[in-house]
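J.: Below you'll find structure03.pdb; it's PDB, C-alpha atoms.
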ATOM      1  CA  MET A 918      -5.475  13.195  14.449
ATOM      2  CA  VAL A 919      -4.567  13.863  10.825
ATOM      3  CA  GLY A 920      -5.386  11.233   8.198
ATOM      4  CA  PHE A 921      -4.402  11.589   4.565
ATOM      5  CA  ASP A 922      -4.918   9.726   1.347
ATOM      6  CA  LEU A 923      -1.688   8.925  -0.512
ATOM      7  CA  ASP A 924      -2.127   8.996  -4.294
ATOM      8  CA  GLY A 925      -3.186  12.435  -5.461
ATOM      9  CA  THR A 926      -2.986  13.756  -1.909
ATOM     10  CA  LEU A 927       0.167  13.312   0.173
ATOM     11  CA  LEU A 928       2.340  11.974  -2.662
ATOM     12  CA  THR A 929       3.266  14.011  -5.703
ATOM     13  CA  THR A 930       2.152  12.847  -9.140
ATOM     14  CA  ASP A 931       5.426  10.966  -9.524
ATOM     15  CA  LYS A 932       4.830   9.290  -6.132
ATOM     16  CA  ARG A 933       7.359  11.271  -4.084
ATOM     17  CA  LEU A 934       7.214  12.470  -0.507
ATOM     18  CA  THR A 935       8.816  15.922  -0.550
ATOM     19  CA  GLU A 936      11.353  17.075   2.021
ATOM     20  CA  TYR A 937       9.041  19.875   3.154
ATOM     21  CA  THR A 938       6.200  17.420   3.734
ATOM     22  CA  LYS A 939       8.511  15.126   5.713
ATOM     23  CA  GLU A 940       9.541  18.075   7.875
ATOM     24  CA  ILE A 941       5.952  19.107   8.621
ATOM     25  CA  LEU A 942       4.824  15.539   9.374
ATOM     26  CA  LYS A 943       7.713  15.162  11.806
ATOM     27  CA  LYS A 944       6.810  18.424  13.546
ATOM     28  CA  ALA A 945       3.171  17.321  13.922
ATOM     29  CA  ILE A 946       4.201  13.934  15.295
ATOM     30  CA  ASP A 947       6.596  15.584  17.740
ATOM     31  CA  LYS A 948       3.648  17.654  19.031
ATOM     32  CA  GLY A 949       1.710  14.469  19.759
ATOM     33  CA  VAL A 950      -0.595  14.549  16.725
ATOM     34  CA  VAL A 951      -1.596  11.080  15.495
ATOM     35  CA  VAL A 952      -0.588  11.159  11.826
ATOM     36  CA  LEU A 953      -1.519   8.306   9.490
ATOM     37  CA  PRO A 954      -2.097   7.294   5.866
ATOM     38  CA  VAL A 955      -5.678   6.393   4.961
ATOM     39  CA  THR A 956      -5.392   4.743   1.592
ATOM     40  CA  GLY A 957      -7.002   2.487  -0.946
ATOM     41  CA  ARG A 958      -3.666   0.736  -1.300
ATOM     42  CA  PRO A 959      -3.212  -2.626   0.395
ATOM     43  CA  LEU A 960      -0.809  -2.759   3.324
ATOM     44  CA  ASN A 961       2.024  -4.106   1.178
ATOM     45  CA  GLY A 962       1.456  -1.264  -1.299
ATOM     46  CA  VAL A 963       2.160   1.527   1.206
ATOM     47  CA  PRO A 964       5.568   3.004   0.335
ATOM     48  CA  LYS A 965       8.268   1.941   2.766
ATOM     49  CA  GLU A 966       9.187   5.589   3.257
ATOM     50  CA  ILE A 967       5.744   6.162   4.790
ATOM     51  CA  ALA A 968       5.267   2.800   6.519
ATOM     52  CA  ASP A 969       8.628   3.270   8.274
ATOM     53  CA  PHE A 970       8.273   7.002   8.888
ATOM     54  CA  PRO A 971       9.326   7.673  12.517
ATOM     55  CA  GLY A 972       6.231   8.178  14.641
ATOM     56  CA  ILE A 973       3.667   6.848  12.152
ATOM     57  CA  ARG A 974       2.264   3.853  14.056
ATOM     58  CA  TYR A 975      -1.155   3.485  12.430
ATOM     59  CA  MET A 976      -2.299   2.926   8.867
ATOM     60  CA  ILE A 977      -5.743   2.465   7.347
ATOM     61  CA  THR A 978      -5.515   0.444   4.137
ATOM     62  CA  SER A 979      -7.704  -1.052   1.398
ATOM     63  CA  ASN A 980     -10.232   1.787   1.795
ATOM     64  CA  GLY A 981     -10.814   0.971   5.453
ATOM     65  CA  ALA A 982     -10.862  -2.823   5.299
ATOM     66  CA  ARG A 983      -7.785  -2.959   7.527
ATOM     67  CA  VAL A 984      -6.588  -0.821  10.412
ATOM     68  CA  VAL A 985      -2.952  -1.503  11.202
ATOM     69  CA  LYS A 986      -0.827  -0.658  14.235
ATOM     70  CA  ASP A 987       2.930  -1.169  14.124
ATOM     71  CA  GLY A 988       2.552  -3.407  11.068
ATOM     72  CA  LYS A 989      -0.122  -5.661  12.575
ATOM     73  CA  THR A 990      -3.850  -5.643  11.793
ATOM     74  CA  ILE A 991      -5.934  -4.553  14.778
ATOM     75  CA  HIS A 992      -9.288  -4.296  12.984
ATOM     76  CA  GLU A 993     -10.620  -5.713   9.736
ATOM     77  CA  ASN A 994     -13.912  -5.768   7.850
ATOM     78  CA  LEU A 995     -13.751  -8.013   4.808
ATOM     79  CA  LEU A 996     -15.698  -8.834   1.645
ATOM     80  CA  SER A 997     -17.557 -12.158   1.591
ATOM     81  CA  VAL A 998     -16.689 -14.916  -0.868
ATOM     82  CA  GLU A 999     -20.263 -14.955  -2.188
ATOM     83  CA  LYS A1000     -20.340 -11.240  -2.980
ATOM     84  CA  ALA A1001     -16.827 -11.322  -4.392
ATOM     85  CA  ARG A1002     -17.739 -14.093  -6.811
ATOM     86  CA  LYS A1003     -20.662 -12.059  -8.153
ATOM     87  CA  ILE A1004     -18.446  -9.002  -8.559
ATOM     88  CA  LEU A1005     -15.869 -10.986 -10.500
ATOM     89  CA  ASP A1006     -18.663 -12.332 -12.723
ATOM     90  CA  ILE A1007     -19.585  -8.746 -13.617
ATOM     91  CA  PHE A1008     -16.022  -7.545 -14.142
ATOM     92  CA  GLU A1009     -15.283 -10.472 -16.451
ATOM     93  CA  ASP A1010     -18.025  -9.295 -18.808
ATOM     94  CA  TYR A1011     -15.862  -6.302 -19.763
ATOM     95  CA  ASP A1012     -12.415  -5.438 -21.058
ATOM     96  CA  THR A1013     -10.796  -5.205 -17.623
ATOM     97  CA  LEU A1014      -7.672  -5.957 -15.678
ATOM     98  CA  ARG A1015      -8.694  -7.375 -12.317
ATOM     99  CA  ASP A1016      -6.965  -7.924  -8.987
ATOM    100  CA  ILE A1017      -7.930  -9.292  -5.596
ATOM    101  CA  TYR A1018      -6.534  -8.558  -2.151
ATOM    102  CA  TYR A1019      -5.887 -10.843   0.797
ATOM    103  CA  ASP A1020      -4.091 -10.007   4.051
ATOM    104  CA  GLY A1021      -2.845  -6.685   2.737
ATOM    105  CA  GLN A1022      -1.467  -8.063  -0.524
ATOM    106  CA  GLY A1023      -2.770  -7.615  -4.076
ATOM    107  CA  TYR A1024      -2.775 -10.459  -6.625
ATOM    108  CA  MET A1025      -2.989 -10.046 -10.395
ATOM    109  CA  PRO A1026      -2.414 -12.431 -13.317
ATOM    110  CA  LYS A1027       0.945 -12.091 -15.049
ATOM    111  CA  ALA A1028      -0.818 -11.392 -18.350
ATOM    112  CA  PHE A1029      -2.633  -8.453 -16.727
ATOM    113  CA  ILE A1030       0.493  -7.052 -15.085
ATOM    114  CA  GLU A1031       2.193  -6.900 -18.472
ATOM    115  CA  ARG A1032      -0.673  -4.747 -19.836
ATOM    116  CA  VAL A1033      -1.235  -2.306 -16.954
ATOM    117  CA  GLY A1034       0.210   0.571 -18.968
ATOM    118  CA  GLU A1035      -2.665   0.219 -21.454
ATOM    119  CA  TYR A1036      -5.263   0.832 -18.735
ATOM    120  CA  VAL A1037      -3.569   3.397 -16.449
ATOM    121  CA  SER A1038      -2.649   6.785 -17.919
ATOM    122  CA  SER A1039      -0.120   7.724 -15.237
ATOM    123  CA  PRO A1040       3.257   5.988 -15.708
ATOM    124  CA  ALA A1041       3.990   6.362 -11.986
ATOM    125  CA  MET A1042       0.681   4.725 -11.036
ATOM    126  CA  ALA A1043       1.250   1.932 -13.548
ATOM    127  CA  GLN A1044       4.696   1.310 -12.087
ATOM    128  CA  TYR A1045       3.249   1.227  -8.566
ATOM    129  CA  ILE A1046       0.773  -1.491  -9.591
ATOM    130  CA  VAL A1047       3.389  -3.534 -11.439
ATOM    131  CA  SER A1048       5.847  -3.349  -8.540
ATOM    132  CA  THR A1049       3.411  -4.278  -5.760
ATOM    133  CA  ARG A1050       1.206  -7.066  -7.155
ATOM    134  CA  VAL A1051       1.985 -10.737  -6.697
ATOM    135  CA  SER A1052       1.731 -12.508 -10.041
ATOM    136  CA  VAL A1053      -0.643 -15.479 -10.369
ATOM    137  CA  ASP A1054      -1.416 -17.667 -13.371
ATOM    138  CA  ASP A1055      -5.191 -17.241 -13.202
ATOM    139  CA  LEU A1056      -7.214 -14.927 -10.953
ATOM    140  CA  ARG A1057     -10.271 -17.165 -10.713
ATOM    141  CA  THR A1058      -8.141 -20.135  -9.739
ATOM    142  CA  LYS A1059      -6.449 -18.076  -7.028
ATOM    143  CA  PHE A1060      -9.832 -16.848  -5.792
ATOM    144  CA  GLU A1061     -11.366 -20.334  -5.600
ATOM    145  CA  GLU A1062      -8.262 -21.798  -3.965
ATOM    146  CA  GLU A1063      -8.288 -19.145  -1.261
ATOM    147  CA  ASN A1064     -12.079 -19.475  -0.737
ATOM    148  CA  ARG A1065     -12.071 -16.907   2.077
ATOM    149  CA  LYS A1066     -12.977 -13.291   2.717
ATOM    150  CA  LEU A1067     -11.057 -10.576   0.865
ATOM    151  CA  ASP A1068      -9.867  -7.058   1.660
ATOM    152  CA  LYS A1069     -11.325  -5.746  -1.609
ATOM    153  CA  ILE A1070     -11.596  -6.280  -5.383
ATOM    154  CA  GLN A1071     -10.499  -3.881  -8.119
ATOM    155  CA  ALA A1072     -10.955  -3.662 -11.884
ATOM    156  CA  LEU A1073      -9.230  -1.345 -14.353
ATOM    157  CA  PHE A1074     -11.340  -0.470 -17.396
ATOM    158  CA  ASN A1075     -10.418   0.499 -20.940
ATOM    159  CA  LYS A1076     -13.739   2.181 -21.777
ATOM    160  CA  LYS A1077     -15.593   4.752 -19.685
ATOM    161  CA  SER A1078     -18.980   3.495 -20.856
ATOM    162  CA  GLU A1079     -18.166  -0.016 -19.655
ATOM    163  CA  GLN A1080     -16.912   1.262 -16.311
ATOM    164  CA  GLU A1081     -20.131   3.210 -15.772
ATOM    165  CA  GLU A1082     -22.312   0.235 -16.710
ATOM    166  CA  ALA A1083     -20.358  -2.159 -14.500
ATOM    167  CA  TRP A1084     -20.506   0.332 -11.608
ATOM    168  CA  LYS A1085     -24.307   0.295 -11.727
ATOM    169  CA  ARG A1086     -24.429  -3.497 -11.915
ATOM    170  CA  VAL A1087     -22.117  -3.916  -8.925
ATOM    171  CA  GLN A1088     -24.078  -1.366  -6.898
ATOM    172  CA  ALA A1089     -27.273  -3.254  -7.706
ATOM    173  CA  LEU A1090     -25.897  -6.277  -5.825
ATOM    174  CA  GLY A1091     -26.475  -4.308  -2.630
ATOM    175  CA  ASP A1092     -24.603  -4.046   0.671
ATOM    176  CA  LEU A1093     -21.329  -3.007  -0.956
ATOM    177  CA  GLU A1094     -19.112   0.073  -0.973
ATOM    178  CA  VAL A1095     -18.308   0.916  -4.598
ATOM    179  CA  THR A1096     -15.681   3.601  -5.201
ATOM    180  CA  GLY A1097     -12.663   4.399  -7.330
ATOM    181  CA  ALA A1098      -9.424   6.278  -6.861
ATOM    182  CA  LEU A1099      -8.640   6.469 -10.570
ATOM    183  CA  ASN A1100     -10.584   7.793 -13.519
ATOM    184  CA  MET A1101     -11.113   4.320 -15.001
ATOM    185  CA  ASN A1102     -11.235   1.890 -12.093
ATOM    186  CA  ILE A1103     -13.764   0.395  -9.696
ATOM    187  CA  GLU A1104     -12.891  -0.668  -6.153
ATOM    188  CA  VAL A1105     -15.332  -2.746  -4.122
ATOM    189  CA  ASN A1106     -15.382  -3.304  -0.375
ATOM    190  CA  ALA A1107     -17.899  -4.890   1.957
ATOM    191  CA  GLY A1108     -20.949  -2.785   2.742
ATOM    192  CA  GLY A1109     -20.254  -0.013   5.241
ATOM    193  CA  VAL A1110     -16.495  -0.255   4.788
ATOM    194  CA  HIS A1111     -14.933   3.057   3.884
ATOM    195  CA  LYS A1112     -12.142   5.359   4.947
ATOM    196  CA  GLY A1113     -14.372   7.607   7.030
ATOM    197  CA  ARG A1114     -15.753   4.841   9.206
ATOM    198  CA  ALA A1115     -12.305   3.328   9.783
ATOM    199  CA  LEU A1116     -10.760   6.687  10.659
ATOM    200  CA  LEU A1117     -13.464   7.509  13.193
ATOM    201  CA  TRP A1118     -13.275   3.966  14.626
ATOM    202  CA  LEU A1119      -9.574   4.479  15.289
ATOM    203  CA  ALA A1120     -10.141   7.950  16.697
ATOM    204  CA  GLU A1121     -12.663   6.554  19.163
ATOM    205  CA  GLU A1122     -10.272   3.774  20.161
ATOM    206  CA  LEU A1123      -7.630   6.414  20.892
ATOM    207  CA  GLY A1124     -10.015   8.723  22.746
ATOM    208  CA  ILE A1125      -9.925  11.406  20.061
ATOM    209  CA  ASP A1126     -13.125  13.349  19.384
ATOM    210  CA  ARG A1127     -14.460  13.585  15.834
ATOM    211  CA  GLU A1128     -13.990  17.360  15.956
ATOM    212  CA  GLU A1129     -10.255  16.789  16.467
ATOM    213  CA  VAL A1130      -9.900  14.689  13.299
ATOM    214  CA  MET A1131      -8.645  16.288  10.083
ATOM    215  CA  ALA A1132      -8.736  14.311   6.824
ATOM    216  CA  PHE A1133      -7.278  15.022   3.369
ATOM    217  CA  GLY A1134      -8.378  13.508   0.052
ATOM    218  CA  ASP A1135      -8.959  13.935  -3.652
ATOM    219  CA  GLY A1136     -10.873  10.953  -5.086
ATOM    220  CA  SER A1137     -14.246   9.273  -4.779
ATOM    221  CA  ASN A1138     -12.927   6.769  -2.240
ATOM    222  CA  ASP A1139     -12.089   9.776  -0.006
ATOM    223  CA  LEU A1140     -15.535  11.350  -0.107
ATOM    224  CA  LYS A1141     -17.025   9.764   3.021
ATOM    225  CA  MET A1142     -13.832  10.437   4.955
ATOM    226  CA  ILE A1143     -14.015  14.113   3.981
ATOM    227  CA  GLU A1144     -17.685  14.217   4.989
ATOM    228  CA  GLU A1145     -17.257  12.448   8.335
ATOM    229  CA  ALA A1146     -14.037  13.966   9.655
ATOM    230  CA  GLY A1147     -14.278  16.976  11.925
ATOM    231  CA  ILE A1148     -12.365  18.945   9.291
ATOM    232  CA  GLY A1149     -12.395  17.618   5.743
ATOM    233  CA  VAL A1150      -9.778  19.029   3.379
ATOM    234  CA  ALA A1151      -9.954  18.683  -0.410
ATOM    235  CA  MET A1152      -6.869  18.962  -2.570
ATOM    236  CA  ALA A1153      -6.893  21.487  -5.417
ATOM    237  CA  ASN A1154      -6.803  18.472  -7.763
ATOM    238  CA  ALA A1155      -9.806  16.793  -6.091
ATOM    239  CA  ILE A1156     -12.895  15.687  -7.971
ATOM    240  CA  PRO A1157     -15.860  18.102  -7.656
ATOM    241  CA  SER A1158     -17.850  16.025  -5.142
ATOM    242  CA  VAL A1159     -14.908  15.950  -2.739
ATOM    243  CA  SER A1160     -14.290  19.683  -3.130
ATOM    244  CA  ASP A1161     -17.966  20.394  -2.487
ATOM    245  CA  ALA A1162     -17.987  18.290   0.696
ATOM    246  CA  ALA A1163     -14.806  19.759   2.192
ATOM    247  CA  ASP A1164     -14.464  22.339   4.935
ATOM    248  CA  LEU A1165     -11.105  23.556   3.642
ATOM    249  CA  ALA A1166      -9.302  23.653   0.304
ATOM    250  CA  ALA A1167      -5.618  22.803   0.012
ATOM    251  CA  LEU A1168      -3.089  23.362  -2.710
ATOM    252  CA  SER A1169      -2.505  20.407  -5.026
ATOM    253  CA  ASN A1170      -0.548  17.267  -4.186
ATOM    254  CA  ASP A1171       2.303  18.661  -6.302
ATOM    255  CA  SER A1172       2.393  21.848  -4.209
ATOM    256  CA  ASP A1173       2.698  20.318  -0.708
ATOM    257  CA  GLY A1174      -0.987  20.946  -0.086
ATOM    258  CA  VAL A1175      -1.249  18.591   2.899
ATOM    259  CA  ALA A1176       1.831  19.944   4.641
ATOM    260  CA  ARG A1177       0.841  23.571   4.172
ATOM    261  CA  ILE A1178      -2.586  23.040   5.749
ATOM    262  CA  ILE A1179      -1.063  21.101   8.663
ATOM    263  CA  GLU A1180       1.420  23.910   9.213
ATOM    264  CA  GLU A1181      -1.238  26.618   9.074
ATOM    265  CA  TYR A1182      -4.099  24.987  10.971
ATOM    266  CA  VAL A1183      -2.525  22.313  13.197
ATOM    267  CA  LEU A1184       0.982  23.374  14.142
ATOM    268  CA  SER A1185      -0.196  26.947  14.741
ATOM    269  CA  MET A1186      -2.246  25.676  17.691
ATOM    270  CA  TYR A1187       0.956  24.744  19.497
ATOM    271  CA  GLU A1188       2.685  28.103  19.121
TER     272      GLU A1188
END
Would you write the structure of this file as structure tokens?
T.:
Amino acid sequence: MVGFDLDGTLLTTDKRLTEYTKEILKKAIDKGVVVLPVTGRPLNGVPKEIADFPGIRYMITSNGARVVKDGKTIHENLLSVEKARKILDIFEDYDTLRDIYYDGQGYMPKAFIERVGEYVSSPAMAQYIVSTRVSVDDLRTKFEEENRKLDKIQALFNKKSEQEEAWKRVQALGDLEVTGALNMNIEVNAGGVHKGRALLWLAEELGIDREEVMAFGDGSNDLKMIEEAGIGVAMANAIPSVSDAADLAALSNDSDGVARIIEEYVLSMYE
């Protein structure tokens, strides 16, 4: 099994899937390797090119909150309303853009969507957020109307000092997974929910040993996946903690790092 993060890992900085990477993924799938995205994105945020890629049947989304097979959720572990309300209370104390996720879909106020470019340095990432969020008039109103468990909550910060302070406050609530895929965001899932646990859960369901699982990542929400997979691979552009935890180092996401490691270490086993 090969699981890979998307942003900063499989996809280039401008959110492309290169032809070489497509070719290598197809070869791995043809050999019977279970290949899947393991992403912080909600289900509806996974690029169609990947969701519809021939042979990719499984996806792990929202940092492990949902495991999907053929477009349908087969396993979920969600954030409680009570914890989510406390997290929103904290995020609202700061200059943040906030969104909430239900059933694989992200929701963000229209006023926030219009300002995403002020909080996200990458134009491609900003465009991804704008193009995948459902616009609501007021986030709190949407949250209280739904009044049910969530996939996760995210906040985008304008000041590093405020992000760091809010991170500590959210962690102090206890029984939560607090991570971030971007330099200035915080993503919160239910306690014990992370990419590593979801990936190994799926591997066990499919009868695949941990030692046969390879995982690729670059950000803090990939760290536990890199630690728990049989072979953890850090991208050249990974944050230091991910690089330190990895068994292998790949080239960057803009240099087909995932595909080159799959070709060298996975496909070579079938020669």
J.: Residues within 6 Å of region 987-1003 of chain A, please, as a PyMOL selection string. Count all atoms listed in the file; anything in the same chain fewer than 6 positions from it doesn't count.
T.: chain A and resi 974+1065-1068+1106-1107
J.: Go through A:Glu1188, A:Gly1174, A:Asn1154, A:Leu1056 and flag the residue nearest Leu934 (chain A), using only C-alpha atoms for the distances.
T.: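 Checking each candidate against Leu934 (chain A), we get A:Gly1174 as the closest.
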J.: Considering all atoms listed in the file, state which residue in the set A:Leu1116, A:Ala1176, A:Leu1123, A:Ile1156 is at the smallest distance from Asp1135 (chain A).
T.: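 Under the stated criterion, the closest residue is A:Ile1156.
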J.: Could you list, as an NGL selection string, every residue within 12 Å of Tyr1011 (chain A), counting only C-alpha atoms and ignoring same-chain residues fewer than 6 positions away?
T.: :A and (1004-1005 or 1072-1084 or 1086)
J.: Counting all atoms listed in the file, figure out which residue out of A:Val984, A:Met918, A:Ile1046, A:Val951 gets nearest to Asp1126 (chain A).
T.: A:Met918
J.: Pick out the residues sitting within 10 Å of Ala1115 (chain A), and hand them over as a ChimeraX atom specification; count all atoms listed in the file, and ignore anything fewer than 5 positions along from it in its own chain.
T.: /A:955,977-978,980-984,992-994,1109-1110,1120-1121,1142
J.: Have a look at A:Leu1014, A:Ile1070, A:Ile1007, A:Met1101 and name the one nearest to Ser1039 (chain A); count only C-alpha atoms.
T.: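 Looking at the shortest contact to Ser1039 (chain A), the residue is A:Met1101.
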J.: Residues near Leu1184 (chain A), anyone? I mean within 10 Å using only C-alpha atoms, not counting same-chain ones fewer than 2 positions away, as a short mmCIF file (atom, residue, chain, number, x, y, z; two decimals) with C-alpha atoms, in the frame of the given file.
T.:
data_model
loop_
_atom_site.label_atom_id
_atom_site.label_comp_id
_atom_site.auth_asym_id
_atom_site.auth_seq_id
_atom_site.Cartn_x
_atom_site.Cartn_y
_atom_site.Cartn_z
CA ILE A 941 5.95 19.11 8.62
CA LEU A 942 4.82 15.54 9.37
CA LYS A 944 6.81 18.42 13.55
CA ALA A 945 3.17 17.32 13.92
CA LYS A 948 3.65 17.65 19.03
CA VAL A 950 -0.60 14.55 16.73
CA ARG A 1177 0.84 23.57 4.17
CA ILE A 1178 -2.59 23.04 5.75
CA ILE A 1179 -1.06 21.10 8.66
CA GLU A 1180 1.42 23.91 9.21
CA GLU A 1181 -1.24 26.62 9.07
CA TYR A 1182 -4.10 24.99 10.97
CA MET A 1186 -2.25 25.68 17.69
CA TYR A 1187 0.96 24.74 19.50
CA GLU A 1188 2.68 28.10 19.12
#
J.: Would you list the residues near (-1.3, -12.0, -6.5) (no more than 7 Å away, in the coordinates of the file, using only C-alpha atoms) as a short mmCIF file (atom, residue, chain, number, x, y, z; two decimals) with C-alpha atoms, keeping the file's coordinate frame?
T.:
data_model
loop_
_atom_site.label_atom_id
_atom_site.label_comp_id
_atom_site.auth_asym_id
_atom_site.auth_seq_id
_atom_site.Cartn_x
_atom_site.Cartn_y
_atom_site.Cartn_z
CA GLY A 1023 -2.77 -7.62 -4.08
CA TYR A 1024 -2.78 -10.46 -6.62
CA MET A 1025 -2.99 -10.05 -10.40
CA PRO A 1026 -2.41 -12.43 -13.32
CA ARG A 1050 1.21 -7.07 -7.16
CA VAL A 1051 1.98 -10.74 -6.70
CA SER A 1052 1.73 -12.51 -10.04
CA VAL A 1053 -0.64 -15.48 -10.37
#
J.: For CA of Gly949 (chain A) and CA of Val963 (chain A), determine how far apart the two atoms are, in Å to one decimal place.
T.: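 If I compute the distance from CA of Gly949 (chain A) to CA of Val963 (chain A), I get 22.6 Å.
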J.: Would you list the contacts of Gly1147 (chain A) as an MDAnalysis selection string, taking every protein, DNA or RNA residue within 7 Å and counting only C-alpha atoms, but skipping same-chain residues closer than 4 positions in sequence?
T.: chainID A and resid 1127:1131
J.: Just give me the residues with any atom within 12 Å of (-6.0, 1.5, -1.5), file coordinates, counting all atoms listed in the file, written as a ChimeraX atom specification.
T.: /A:921-925,954-964,976-983,1017-1018,1021-1023,1045-1046,1049,1068-1071,1096-1099,1102-1106,1111-1112,1136-1139
J.: Quick one, how far is CA of Val1183 (chain A) from CA of Phe1133 (chain A)?
T.: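 Going from CA of Val1183 (chain A) over to CA of Phe1133 (chain A), I get 13.1 Å.
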J.: Find the axis-aligned box for region 1000-1005 of chain A, covering all its listed atoms and adding 5 Å on each side, and write its centre and edge lengths in Å to one decimal as JSON.
T.:
{"center_x": -18.3, "center_y": -11.5, "center_z": -6.7, "size_x": 14.8, "size_y": 15.1, "size_z": 17.5}
